[in-house]
Amino acid sequence: MTKPVGKISIIQGLIGNDELATTFKKLKAQAKKDEEMFKTFDFMQLMTQLMYGTNDESEKRKLYQKMNELAASMKK
């Protein structure tokens with residue numbers, strides 16, 4: 001009969017695993033791509049609201065400010 005392995009032992013065994021590190025690296029890269037995609041979607045949504053919404057001048061200024069912030073974060 002085999003001895004049960006504790007959760008800590010499993011985690012310690014995985015820490016040095018190159019395959020796991022590679023998988024996490026790929027997941028991190030995919031998350032970054034997804035983040036950029038959602039920022040683009042948000043920007044387009046703001047553009048649509050600006051173009052077709054019935055916004056007063058203060059609302060337009062807020063939309064422009066949000067769009068500028070999104071654009072600046074996408075340049076990084």
# chains A, B, ... in the order shown; residues from 1 in each chain; ligands from 1
>>> residues_around(residues="stretch 22-38 of chain A", least_positions_apart="4", cutoff="7 Å", atoms="only C-alpha atoms", output="list in words")
Asp18, Asp42 and Met74 of chain A
>>> write_last_selection(atoms="all heavy atoms", output="PDB file, in the first residue's frame")
ATOM      1  N   ASP A  18       9.535  22.109 -14.861  1.00  0.00           N
ATOM      2  CA  ASP A  18       9.700  23.025 -15.996  1.00  0.00           C
ATOM      3  C   ASP A  18       8.442  23.098 -16.850  1.00  0.00           C
ATOM      4  O   ASP A  18       8.115  24.158 -17.379  1.00  0.00           O
ATOM      5  CB  ASP A  18      10.878  22.591 -16.870  1.00  0.00           C
ATOM      6  CG  ASP A  18      12.213  22.844 -16.203  1.00  0.00           C
ATOM      7  OD1 ASP A  18      12.277  23.709 -15.311  1.00  0.00           O
ATOM      8  OD2 ASP A  18      13.195  22.171 -16.574  1.00  0.00           O
ATOM      9  N   ASP A  42     -13.648  47.927 -24.855  1.00  0.00           N
ATOM     10  CA  ASP A  42     -14.142  49.037 -24.034  1.00  0.00           C
ATOM     11  C   ASP A  42     -13.995  50.370 -24.772  1.00  0.00           C
ATOM     12  O   ASP A  42     -14.890  51.217 -24.734  1.00  0.00           O
ATOM     13  CB  ASP A  42     -13.393  49.105 -22.707  1.00  0.00           C
ATOM     14  CG  ASP A  42     -13.758  47.968 -21.762  1.00  0.00           C
ATOM     15  OD1 ASP A  42     -14.795  47.307 -21.993  1.00  0.00           O
ATOM     16  OD2 ASP A  42     -12.998  47.734 -20.801  1.00  0.00           O
ATOM     17  N   MET A  74      -3.046  51.220 -23.301  1.00  0.00           N
ATOM     18  CA  MET A  74      -2.821  50.267 -24.394  1.00  0.00           C
ATOM     19  C   MET A  74      -1.462  50.491 -25.050  1.00  0.00           C
ATOM     20  O   MET A  74      -0.922  49.577 -25.670  1.00  0.00           O
ATOM     21  CB  MET A  74      -3.943  50.365 -25.417  1.00  0.00           C
ATOM     22  CG  MET A  74      -5.263  49.858 -24.879  1.00  0.00           C
ATOM     23  SD  MET A  74      -6.672  50.222 -25.918  1.00  0.00           S
ATOM     24  CE  MET A  74      -6.353  49.186 -27.314  1.00  0.00           C
TER      25      MET A  74
END
>>> residues_around(residues="A:Lys75", least_positions_apart="4", cutoff="12 Å", atoms="only C-alpha atoms", output="ChimeraX atom specification")
/A:36,39-40,68-71
